[in-house]
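Enquirer: Pasting final_12.csv below, which is CSV, C-alpha atoms (C1' of nucleotides).
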```
chain,number,residue,atom,x,y,z
F,248,MET,CA,9.5,-59.0,-3.3
F,249,ASP,CA,10.2,-56.2,-5.7
F,250,SER,CA,12.6,-58.5,-7.5
F,251,GLN,CA,9.6,-60.3,-9.1
F,252,SER,CA,9.6,-57.7,-11.9
F,253,PRO,CA,12.3,-58.4,-14.5
F,254,TYR,CA,12.6,-54.7,-15.1
F,255,ILE,CA,13.7,-54.1,-11.5
F,256,GLN,CA,16.3,-56.8,-12.0
F,257,ILE,CA,17.6,-54.9,-15.1
F,258,LEU,CA,17.9,-51.7,-13.0
F,259,ARG,CA,19.8,-53.6,-10.4
F,260,GLU,CA,22.2,-55.2,-12.9
F,261,HIS,CA,23.1,-51.8,-14.1
F,262,GLY,CA,23.8,-50.4,-10.7
F,263,CYS,CA,20.8,-48.1,-10.6
F,264,ARG,CA,19.0,-47.5,-7.4
F,265,ILE,CA,15.5,-48.9,-7.0
F,266,THR,CA,13.7,-45.8,-5.9
F,267,GLN,CA,10.0,-45.1,-5.3
F,268,ALA,CA,9.7,-42.9,-8.3
F,269,ARG,CA,11.1,-45.6,-10.6
F,270,ARG,CA,9.0,-48.3,-9.1
F,271,VAL,CA,5.9,-46.2,-9.6
F,272,VAL,CA,6.7,-45.4,-13.2
F,273,LEU,CA,7.4,-49.0,-13.9
F,274,ARG,CA,4.1,-50.0,-12.4
F,275,ALA,CA,2.2,-47.4,-14.4
F,276,LEU,CA,3.8,-48.8,-17.6
F,277,GLU,CA,3.1,-52.4,-16.7
F,278,ASP,CA,-0.6,-51.6,-15.8
F,279,ALA,CA,-0.9,-49.9,-19.1
F,280,SER,CA,0.7,-52.6,-21.2
F,281,GLY,CA,0.2,-50.4,-24.2
F,282,HIS,CA,1.4,-47.3,-25.9
F,283,TYR,CA,1.3,-44.3,-23.7
F,284,THR,CA,2.5,-40.7,-24.2
F,285,SER,CA,4.5,-39.0,-21.5
F,286,ALA,CA,1.4,-37.0,-20.5
F,287,GLN,CA,-0.6,-40.1,-20.0
F,288,ILE,CA,2.2,-41.8,-18.0
F,289,ILE,CA,2.5,-38.7,-15.8
F,290,ALA,CA,-1.2,-38.8,-15.1
F,291,ALA,CA,-1.0,-42.5,-14.3
F,292,VAL,CA,1.9,-41.9,-12.0
F,293,GLN,CA,0.1,-39.1,-10.2
F,294,ALA,CA,-2.8,-41.4,-9.6
F,295,LEU,CA,-0.6,-44.1,-8.1
F,296,ASP,CA,1.5,-41.7,-6.0
F,297,PRO,CA,1.0,-38.0,-6.0
F,298,ARG,CA,4.4,-37.3,-4.4
F,299,VAL,CA,6.3,-38.3,-7.6
F,300,GLY,CA,7.1,-35.2,-9.6
F,301,ARG,CA,7.0,-34.6,-13.4
F,302,ALA,CA,10.8,-34.4,-13.7
F,303,SER,CA,11.3,-37.7,-12.1
F,304,VAL,CA,8.9,-39.3,-14.6
F,305,PHE,CA,10.9,-37.9,-17.5
F,306,ARG,CA,14.1,-39.0,-15.9
F,307,ALA,CA,12.8,-42.5,-15.4
F,308,LEU,CA,11.5,-42.7,-19.0
F,309,GLU,CA,14.9,-41.6,-20.3
F,310,LEU,CA,16.7,-44.1,-18.1
F,311,PHE,CA,14.5,-47.0,-19.1
F,312,THR,CA,15.0,-46.0,-22.7
F,313,ARG,CA,18.7,-46.1,-22.3
F,314,LEU,CA,18.5,-49.5,-20.7
F,315,GLY,CA,16.4,-50.9,-23.5
F,316,ILE,CA,13.3,-51.4,-21.3
F,317,LEU,CA,11.3,-48.8,-23.3
F,318,ARG,CA,11.3,-47.4,-26.8
F,319,PRO,CA,9.7,-44.1,-27.8
F,320,THR,CA,7.9,-44.3,-31.1
F,321,TYR,CA,5.9,-41.7,-33.1
F,322,LEU,CA,2.3,-42.6,-33.5
F,323,SER,CA,-0.9,-41.0,-34.8
F,324,GLY,CA,0.5,-37.9,-36.5
F,325,SER,CA,1.7,-36.4,-33.3
F,326,LEU,CA,5.4,-35.6,-32.7
F,327,THR,CA,4.9,-36.4,-29.0
F,328,PRO,CA,6.4,-39.9,-28.7
F,329,ALA,CA,4.5,-42.9,-27.3
F,330,TYR,CA,6.4,-45.2,-25.1
F,331,VAL,CA,6.4,-48.9,-25.8
F,332,LEU,CA,7.5,-51.6,-23.3
F,333,MET,CA,10.1,-53.8,-24.9
F,334,SER,CA,9.2,-57.0,-23.2
F,335,ASP,CA,12.1,-59.4,-23.5
F,336,GLY,CA,13.8,-56.9,-25.8
F,337,HIS,CA,11.3,-56.8,-28.7
F,338,HIS,CA,8.0,-55.4,-29.7
F,339,HIS,CA,5.8,-55.7,-32.8
F,340,HIS,CA,2.6,-54.0,-33.9
F,341,VAL,CA,0.5,-53.0,-36.8
F,342,ILE,CA,-0.8,-49.4,-37.1
F,343,CYS,CA,-3.8,-48.4,-39.1
F,344,SER,CA,-2.8,-45.3,-41.1
F,345,GLN,CA,-6.4,-44.0,-40.9
F,346,CYS,CA,-7.8,-44.6,-37.5
F,347,GLN,CA,-4.5,-45.1,-35.8
F,348,VAL,CA,-5.6,-48.3,-34.1
F,349,ILE,CA,-2.7,-50.3,-32.9
F,350,HIS,CA,-2.7,-54.1,-33.0
F,351,GLU,CA,0.1,-55.8,-31.2
F,352,PHE,CA,1.3,-59.3,-32.0
F,353,ASP,CA,3.8,-61.6,-30.4
F,354,ASP,CA,5.4,-63.9,-32.9
F,355,CYS,CA,7.8,-62.2,-35.2
F,356,GLY,CA,10.0,-65.1,-36.4
F,357,LEU,CA,12.9,-62.7,-36.5
F,358,ASP,CA,15.3,-64.9,-34.6
F,359,ALA,CA,16.9,-66.3,-37.7
F,360,MET,CA,17.3,-62.9,-39.2
F,361,THR,CA,18.8,-61.6,-36.0
F,362,ARG,CA,21.5,-64.4,-36.0
F,363,GLN,CA,22.2,-63.8,-39.7
F,364,LEU,CA,22.6,-60.0,-39.2
F,365,GLU,CA,24.8,-60.6,-36.2
F,366,SER,CA,27.3,-62.7,-38.1
F,367,ARG,CA,27.1,-60.7,-41.3
F,368,LEU,CA,27.6,-57.2,-39.7
F,369,ASN,CA,29.7,-58.5,-36.9
F,370,LEU,CA,27.8,-57.0,-34.0
F,371,ARG,CA,25.6,-58.0,-31.1
F,372,ILE,CA,21.8,-57.5,-31.3
F,373,ASP,CA,19.8,-57.2,-28.1
F,374,GLY,CA,16.3,-56.4,-29.4
F,375,HIS,CA,14.1,-55.0,-32.1
F,376,LEU,CA,11.0,-53.0,-32.9
F,377,LEU,CA,8.9,-54.0,-35.9
F,378,GLU,CA,6.1,-51.7,-37.1
F,379,PHE,CA,3.7,-52.5,-39.9
F,380,TYR,CA,1.6,-49.7,-41.5
F,381,GLY,CA,-1.7,-50.4,-43.2
F,382,VAL,CA,-5.4,-50.0,-43.2
F,383,CYS,CA,-7.5,-52.1,-40.8
F,384,ALA,CA,-10.6,-54.0,-41.8
F,385,ASP,CA,-13.0,-51.4,-40.4
F,386,CYS,CA,-11.4,-48.5,-42.3
F,387,GLN,CA,-11.3,-50.5,-45.5
F,388,ALA,CA,-15.0,-51.2,-45.1
F,389,ALA,CA,-15.8,-47.6,-44.3
F,390,GLY,CA,-13.7,-46.3,-47.2
F,391,ALA,CA,-15.5,-48.6,-49.7
Y,92,MET,CA,10.5,-33.7,-65.6
Y,93,ASP,CA,9.4,-33.6,-62.0
Y,94,SER,CA,7.4,-36.7,-62.4
Y,95,GLN,CA,10.6,-38.7,-62.4
Y,96,SER,CA,10.4,-38.7,-58.6
Y,97,PRO,CA,8.1,-41.5,-57.4
Y,98,TYR,CA,7.3,-39.3,-54.4
Y,99,ILE,CA,5.9,-36.5,-56.6
Y,100,GLN,CA,3.7,-39.1,-58.2
Y,101,ILE,CA,2.4,-40.1,-54.8
Y,102,LEU,CA,1.5,-36.5,-54.1
Y,103,ARG,CA,-0.3,-36.2,-57.4
Y,104,GLU,CA,-2.2,-39.4,-56.8
Y,105,HIS,CA,-3.5,-38.0,-53.5
Y,106,GLY,CA,-4.6,-34.8,-55.1
Y,107,CYS,CA,-2.0,-32.7,-53.4
Y,108,ARG,CA,-0.5,-29.7,-55.2
Y,109,ILE,CA,3.1,-30.0,-56.3
Y,110,THR,CA,4.4,-26.8,-54.8
Y,111,GLN,CA,7.9,-25.3,-54.7
Y,112,ALA,CA,8.2,-25.8,-50.9
Y,113,ARG,CA,7.2,-29.5,-51.2
Y,114,ARG,CA,9.6,-30.1,-54.1
Y,115,VAL,CA,12.5,-28.5,-52.2
Y,116,VAL,CA,11.8,-30.5,-49.0
Y,117,LEU,CA,11.7,-33.7,-51.1
Y,118,ARG,CA,14.9,-32.9,-52.8
Y,119,ALA,CA,16.6,-32.2,-49.4
Y,120,LEU,CA,15.4,-35.6,-48.2
Y,121,GLU,CA,16.6,-37.4,-51.3
Y,122,ASP,CA,20.0,-35.7,-51.3
Y,123,ALA,CA,20.3,-36.8,-47.7
Y,124,SER,CA,19.2,-40.4,-48.1
Y,125,GLY,CA,19.7,-40.8,-44.4
Y,126,HIS,CA,18.3,-40.0,-41.0
Y,127,TYR,CA,17.8,-36.2,-40.6
Y,128,THR,CA,16.2,-34.2,-37.8
Y,129,SER,CA,13.8,-31.5,-38.6
Y,130,ALA,CA,16.5,-28.9,-37.8
Y,131,GLN,CA,18.9,-30.5,-40.3
Y,132,ILE,CA,16.1,-30.7,-43.0
Y,133,ILE,CA,15.3,-27.0,-42.4
Y,134,ALA,CA,18.9,-26.1,-42.9
Y,135,ALA,CA,19.2,-28.2,-46.1
Y,136,VAL,CA,16.0,-26.6,-47.4
Y,137,GLN,CA,17.3,-23.1,-46.6
Y,138,ALA,CA,20.5,-23.9,-48.5
Y,139,LEU,CA,18.5,-25.1,-51.6
Y,140,ASP,CA,15.9,-22.2,-51.5
Y,141,PRO,CA,16.0,-19.5,-48.8
Y,142,ARG,CA,12.4,-18.4,-49.7
Y,143,VAL,CA,10.9,-21.6,-48.2
Y,144,GLY,CA,9.8,-21.0,-44.6
Y,145,ARG,CA,10.2,-23.1,-41.5
Y,146,ALA,CA,6.5,-23.7,-41.1
Y,147,SER,CA,6.2,-25.1,-44.7
Y,148,VAL,CA,8.9,-27.6,-44.0
Y,149,PHE,CA,7.1,-28.9,-40.9
Y,150,ARG,CA,3.8,-29.0,-42.9
Y,151,ALA,CA,5.6,-30.9,-45.7
Y,152,LEU,CA,7.1,-33.4,-43.3
Y,153,GLU,CA,3.7,-33.9,-41.7
Y,154,LEU,CA,2.1,-34.5,-45.1
Y,155,PHE,CA,4.8,-36.9,-46.3
Y,156,THR,CA,4.4,-38.8,-43.0
Y,157,ARG,CA,0.7,-39.0,-43.5
Y,158,LEU,CA,1.2,-40.4,-47.1
Y,159,GLY,CA,3.7,-43.0,-45.9
Y,160,ILE,CA,6.7,-41.4,-47.6
Y,161,LEU,CA,8.4,-40.6,-44.4
Y,162,ARG,CA,8.5,-42.0,-40.9
Y,163,PRO,CA,9.7,-40.1,-37.8
Y,164,THR,CA,11.8,-42.3,-35.6
Y,165,TYR,CA,13.5,-41.9,-32.3
Y,166,LEU,CA,17.3,-41.9,-32.4
Y,167,SER,CA,20.3,-41.1,-30.2
Y,168,GLY,CA,19.0,-40.0,-26.9
Y,169,SER,CA,17.2,-36.9,-28.3
Y,170,LEU,CA,13.4,-36.7,-28.3
Y,171,THR,CA,13.5,-34.7,-31.5
Y,172,PRO,CA,12.6,-37.2,-34.2
Y,173,ALA,CA,14.8,-38.2,-37.1
Y,174,TYR,CA,12.9,-38.7,-40.4
Y,175,VAL,CA,13.5,-41.7,-42.5
Y,176,LEU,CA,12.6,-42.0,-46.1
Y,177,MET,CA,10.4,-45.1,-46.6
Y,178,SER,CA,11.6,-46.1,-50.0
Y,179,ASP,CA,9.0,-48.4,-51.5
Y,180,GLY,CA,7.2,-48.4,-48.2
Y,181,HIS,CA,9.8,-50.1,-46.0
Y,182,HIS,CA,13.0,-49.3,-44.1
Y,183,HIS,CA,15.3,-51.3,-42.0
Y,184,HIS,CA,18.3,-50.5,-39.8
Y,185,VAL,CA,20.4,-51.5,-36.9
Y,186,ILE,CA,21.2,-48.9,-34.2
Y,187,CYS,CA,24.2,-49.2,-31.9
Y,188,SER,CA,22.9,-48.4,-28.3
Y,189,GLN,CA,26.3,-46.9,-27.4
Y,190,CYS,CA,27.7,-44.8,-30.3
Y,191,GLN,CA,24.3,-44.4,-32.0
Y,192,VAL,CA,25.8,-45.4,-35.4
Y,193,ILE,CA,23.1,-46.5,-37.8
Y,194,HIS,CA,23.5,-49.3,-40.3
Y,195,GLU,CA,20.9,-49.6,-42.9
Y,196,PHE,CA,20.2,-52.9,-44.8
Y,197,ASP,CA,17.9,-53.7,-47.6
Y,198,ASP,CA,16.8,-57.3,-47.5
Y,199,CYS,CA,14.3,-58.0,-44.7
Y,200,GLY,CA,12.6,-61.1,-45.9
Y,201,LEU,CA,9.3,-59.9,-44.3
Y,202,ASP,CA,7.2,-60.4,-47.4
Y,203,ALA,CA,6.0,-63.8,-46.2
Y,204,MET,CA,5.1,-62.4,-42.8
Y,205,THR,CA,3.3,-59.5,-44.3
Y,206,ARG,CA,1.1,-61.8,-46.3
Y,207,GLN,CA,0.5,-64.0,-43.3
Y,208,LEU,CA,-0.5,-61.0,-41.1
Y,209,GLU,CA,-2.8,-59.6,-43.8
Y,210,SER,CA,-4.8,-62.8,-43.9
Y,211,ARG,CA,-4.7,-63.5,-40.2
Y,212,LEU,CA,-5.7,-60.0,-39.1
Y,213,ASN,CA,-7.8,-59.3,-42.1
Y,214,LEU,CA,-6.2,-56.0,-43.1
Y,215,ARG,CA,-4.1,-54.4,-45.8
Y,216,ILE,CA,-0.4,-53.7,-45.1
Y,217,ASP,CA,1.4,-51.0,-47.1
Y,218,GLY,CA,4.8,-50.9,-45.4
Y,219,HIS,CA,6.9,-51.4,-42.4
Y,220,LEU,CA,9.8,-50.2,-40.3
Y,221,LEU,CA,12.2,-52.7,-38.7
Y,222,GLU,CA,14.8,-51.5,-36.1
Y,223,PHE,CA,17.4,-53.7,-34.5
Y,224,TYR,CA,19.2,-52.5,-31.3
Y,225,GLY,CA,22.6,-53.7,-30.3
Y,226,VAL,CA,26.2,-53.0,-29.9
Y,227,CYS,CA,28.4,-52.5,-32.9
Y,228,ALA,CA,31.8,-54.1,-33.4
Y,229,ASP,CA,33.8,-51.0,-32.5
Y,230,CYS,CA,31.9,-50.4,-29.3
Y,231,GLN,CA,32.3,-54.1,-28.3
Y,232,ALA,CA,36.0,-53.8,-28.9
Y,233,ALA,CA,36.2,-50.5,-26.9
Y,234,GLY,CA,34.2,-51.9,-24.1
Y,235,ALA,CA,36.4,-55.0,-23.7
K,90,DT,C1',21.1,-51.2,12.9
K,91,DA,C1',23.3,-47.0,12.4
K,92,DG,C1',26.7,-44.1,9.7
K,93,DG,C1',28.0,-41.9,5.8
K,94,DC,C1',28.6,-41.5,1.1
K,95,DT,C1',26.3,-40.9,-3.4
K,96,DT,C1',22.7,-41.0,-6.3
K,97,DC,C1',18.2,-39.4,-7.0
K,98,DT,C1',14.2,-36.5,-6.1
K,99,DG,C1',10.8,-32.7,-6.3
K,100,DA,C1',9.8,-27.9,-7.4
K,101,DT,C1',10.3,-24.3,-10.4
K,102,DA,C1',11.9,-21.6,-14.0
K,103,DC,C1',13.3,-21.8,-18.5
K,104,DT,C1',14.1,-23.2,-23.4
K,105,DC,C1',13.2,-23.9,-27.9
K,106,DA,C1',10.9,-27.2,-31.3
K,107,DA,C1',6.5,-27.3,-33.1
K,108,DT,C1',1.9,-25.2,-34.0
K,109,DA,C1',-1.9,-21.8,-34.9
K,110,DG,C1',-3.7,-17.9,-37.5
K,111,DC,C1',-4.1,-15.1,-41.2
K,112,DA,C1',-3.4,-12.2,-45.3
K,113,DA,C1',-1.0,-12.8,-49.6
K,114,DG,C1',0.7,-15.9,-53.2
K,115,DA,C1',1.0,-19.9,-56.2
K,116,DG,C1',-1.2,-24.3,-58.5
K,117,DT,C1',-4.5,-26.0,-61.3
K,118,DA,C1',-8.9,-26.9,-63.9
K,119,DG,C1',-11.6,-25.0,-67.4
B,190,DC,C1',-6.2,-16.2,-69.1
B,191,DT,C1',-9.3,-16.4,-65.2
B,192,DA,C1',-11.0,-17.7,-61.1
B,193,DC,C1',-11.1,-20.7,-57.4
B,194,DT,C1',-8.8,-23.0,-53.7
B,195,DC,C1',-5.0,-24.8,-51.5
B,196,DT,C1',-0.6,-23.6,-49.7
B,197,DT,C1',2.7,-20.4,-48.2
B,198,DG,C1',5.5,-17.3,-45.2
B,199,DC,C1',5.5,-14.6,-41.3
B,200,DT,C1',5.2,-14.2,-36.4
B,201,DA,C1',3.2,-14.9,-32.0
B,202,DT,C1',2.2,-18.6,-29.0
B,203,DT,C1',2.3,-23.0,-26.8
B,204,DG,C1',3.8,-26.7,-24.1
B,205,DA,C1',6.7,-30.8,-23.8
B,206,DG,C1',11.0,-31.6,-22.1
B,207,DT,C1',15.3,-29.9,-19.5
B,208,DA,C1',18.4,-27.5,-16.1
B,209,DT,C1',19.3,-26.4,-11.4
B,210,DC,C1',20.0,-27.2,-6.7
B,211,DA,C1',19.0,-28.0,-1.9
B,212,DG,C1',17.2,-31.8,0.5
B,213,DA,C1',15.7,-36.8,0.7
B,214,DA,C1',16.4,-41.5,0.2
B,215,DG,C1',19.1,-45.8,-1.4
B,216,DC,C1',22.6,-48.7,-0.3
B,217,DC,C1',27.1,-50.4,1.3
B,218,DT,C1',29.9,-51.2,5.4
B,219,DA,C1',30.8,-52.5,9.8
```
Would you encode the structure as structure tokens?
Expert:
Amino acid sequence: MDSQSPYIQILREHGCRITQARRVVLRALEDASGHYTSAQIIAAVQALDPRVGRASVFRALELFTRLGILRPTYLSGSLTPAYVLMSDGHHHHVICSQCQVIHEFDDCGLDAMTRQLESRLNLRIDGHLLEFYGVCADCQAAGA
Amino acid sequence: MDSQSPYIQILREHGCRITQARRVVLRALEDASGHYTSAQIIAAVQALDPRVGRASVFRALELFTRLGILRPTYLSGSLTPAYVLMSDGHHHHVICSQCQVIHEFDDCGLDAMTRQLESRLNLRIDGHLLEFYGVCADCQAAGA
DNA sequence: TAGGCTTCTGATACTCAATAGCAAGAGTAG
DNA sequence: CTACTCTTGCTATTGAGTATCAGAAGCCTA
């Protein structure tokens, strides 16, 4: 029943135990389906299950990052990272440099480039993060 | 003579003063041409000009990030960001998940996608960061 | 299903990168 | 050169993230 989540499967494949703390952190991340800072994730976890401690959240985030499930990224001028769920190993978004709005998109068309890089550099590629920086329509209108 | 650096030009265009501290930080970054943490940048700046203080380095890094000259990115298990120079607005690299070696590459072929996104989402795009995650040849050999 | 080994957890104290505040100094426009 | 304003350097402070460790909980075996 837990095995429905592909992330739980990844934990299992790596020989990591499926603990309550990890399950709750994963659920918080999936509910969010966005870009959350550690503080926001801790708050969400507290709401789901108050018994889970701060330290365990940080440990889970670190583990998930190591397994390629998550990727911390720096957004909105703050040096506190936001965590991004790498669904199926990849993630793509556009960030407005002015209002910091984030627009995610799915199709990246990077499969061909991935193959090409793998053969050219002689390595294996498991995933990628693609960020575009720009100015959104609203900010362009406001700035004009 | 300073105006040779395109980054100095960017500062000028945004009405920022060309101060000694900012010049030194830029020089440290250009000398490095790699991925440096703030601690490493501070050390490099100290070596170039000991009068420049820590706080000014952080302020310069923040300013350059805001202007799109730099991008903090998460590398190698530490939550202290590494700064990447966005030459001409974009940067691309492959990171080995095991030994954390970074391999930069230039051609990304993302111009077409950039155009497409601009028209589809109705926004202006100024740059991008593309990170691939995988396992390098050495680590694959060692792991086998 | 219970036993037993091992990993993981929760609580707290601690560390140190990053920031805030302010008086003094340096850029720049005229 | 002068004057105005932005920026700096110093230092105190903050707070996200980490270390520690006894106890709890997964999980494998039989």
Enquirer: With distances taken over only C-alpha atoms (C1' of nucleotides), which of Y:Val143, Y:Met204, Y:Ile109, Y:Ile160 is nearest to DC199 (chain B)?
Expert: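 So, comparing all the options, the nearest one is Y:Val143.
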Enquirer: As an exercise, work out the distance from CA of His338 (chain F) to CA of Leu376 (chain F) in Å and give it to one decimal place.
Expert: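 Between CA of His338 (chain F) and CA of Leu376 (chain F) the gap is 5.0 Å.
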Enquirer: Over all Cα atoms in order, fit chain Y to chain F and jot down the RMSD to one decimal place.
Expert: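 After least-squares fitting, the two copies differ by 0.2 Å C-alpha RMSD.
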Enquirer: Rounded to one decimal, what separation in Å do you get between CA of Arg362 (chain F) and CA of Cys199 (chain Y)?
Expert: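 Distance between the two atoms: 13.0 Å.
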Enquirer: Tell me which residues come within 10 Å of (14.3, -27.2, -30.5), as a list in words, counting only C-alpha atoms (C1' of nucleotides) in the file's coordinates.
Expert: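 Protein, DNA and RNA residues close to (14.3, -27.2, -30.5): Ser129, Ala130, Leu170 and Thr171 of chain Y; DT104, DC105, DA106 and DA107 of chain K.
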Enquirer: Determine, using all atoms listed in the file, which residues of chain Y have any atom at most 12 Å from an atom of chain K, and tabulate each with its shortest atom pair and distance in Å to one decimal place, rows ordered by chain and then rising number, as a Markdown table.
Expert:
```
| residue | atom | partner | partner_atom | distance |
| --- | --- | --- | --- | --- |
| Y:Arg103 | CA | K:DT117 | C1' | 11.7 |
| Y:Gly106 | CA | K:DT117 | C1' | 10.8 |
| Y:Cys107 | CA | K:DG116 | C1' | 9.9 |
| Y:Arg108 | CA | K:DG116 | C1' | 6.4 |
| Y:Ile109 | CA | K:DG116 | C1' | 7.5 |
| Y:Thr110 | CA | K:DG116 | C1' | 7.2 |
| Y:Gln111 | CA | K:DA115 | C1' | 8.9 |
| Y:Ala112 | CA | K:DA115 | C1' | 10.7 |
| Y:Thr128 | CA | K:DA106 | C1' | 10.9 |
| Y:Ser129 | CA | K:DA106 | C1' | 9.0 |
| Y:Ala130 | CA | K:DA106 | C1' | 8.7 |
| Y:Ile133 | CA | K:DA106 | C1' | 11.9 |
| Y:Arg145 | CA | K:DA107 | C1' | 10.1 |
| Y:Ala146 | CA | K:DT108 | C1' | 8.6 |
| Y:Ser147 | CA | K:DT108 | C1' | 11.5 |
| Y:Val148 | CA | K:DA107 | C1' | 11.2 |
| Y:Phe149 | CA | K:DA107 | C1' | 8.0 |
| Y:Arg150 | CA | K:DT108 | C1' | 9.9 |
| Y:Leu152 | CA | K:DA107 | C1' | 11.9 |
| Y:Glu153 | CA | K:DA107 | C1' | 11.2 |
| Y:Ser169 | CA | K:DA106 | C1' | 11.9 |
| Y:Leu170 | CA | K:DA106 | C1' | 10.3 |
| Y:Thr171 | CA | K:DA106 | C1' | 7.9 |
| Y:Pro172 | CA | K:DA106 | C1' | 10.5 |
```
Enquirer: What are the residues of chain F lining chain Y at 8 Å or less? Count all atoms listed in the file, and put the answer as a list of chain:residue names.
Expert: F:Glu309, F:Arg313, F:Pro319, F:Thr320, F:Tyr321, F:Gly324, F:Leu326, F:Pro328, F:Ser344, F:Met360, F:Asn369, F:Leu370, F:Arg371, F:Ile372, F:Asp373, F:Gly374, F:His375, F:Leu376, F:Leu377, F:Glu378, F:Phe379, F:Tyr380, F:Gly381, F:Val382, F:Cys383, F:Ala384, F:Gln387
Enquirer: Find the spatial neighbours of Ile288 (chain F), counting all atoms listed in the file, within a cut-off of 9 Å - ignore same-chain residues fewer than 6 positions away - and output them as a list in words.
Expert: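 Here the answer would be Val272, Ala275, Leu276, Ala279, Val304 and Tyr330 of chain F.
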Enquirer: Restricting the calculation to only C-alpha atoms (C1' of nucleotides): of B:DC190, B:DC210, B:DC195, B:DA219, which residue gets closest to chain Y?
Expert: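 Of all the options, B:DC195 lies closest to chain Y.
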Enquirer: Using all atoms of region 173-179 of chain Y listed in the file and a margin of 3 Å per side, can you give the axis-aligned box centre and edge lengths in Å to one decimal, as lines of an AutoDock Vina configuration file?
Expert:
```
center_x = 11.9
center_y = -43.3
center_z = -44.3
size_x = 11.8
size_y = 16.2
size_z = 20.4
```
Enquirer: Could you please select, counting all atoms listed in the file, the residues of chain B within 9 Å of chain F and state them as a ChimeraX atom specification?
Expert: /B:205-207,214-216
Enquirer: Quote the spacing between CA of Ala232 (chain Y) and CA of Leu258 (chain F) in Å to one decimal place.
Expert: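 CA of Leu258 (chain F) lies at a distance of 24.2 Å from CA of Ala232 (chain Y).
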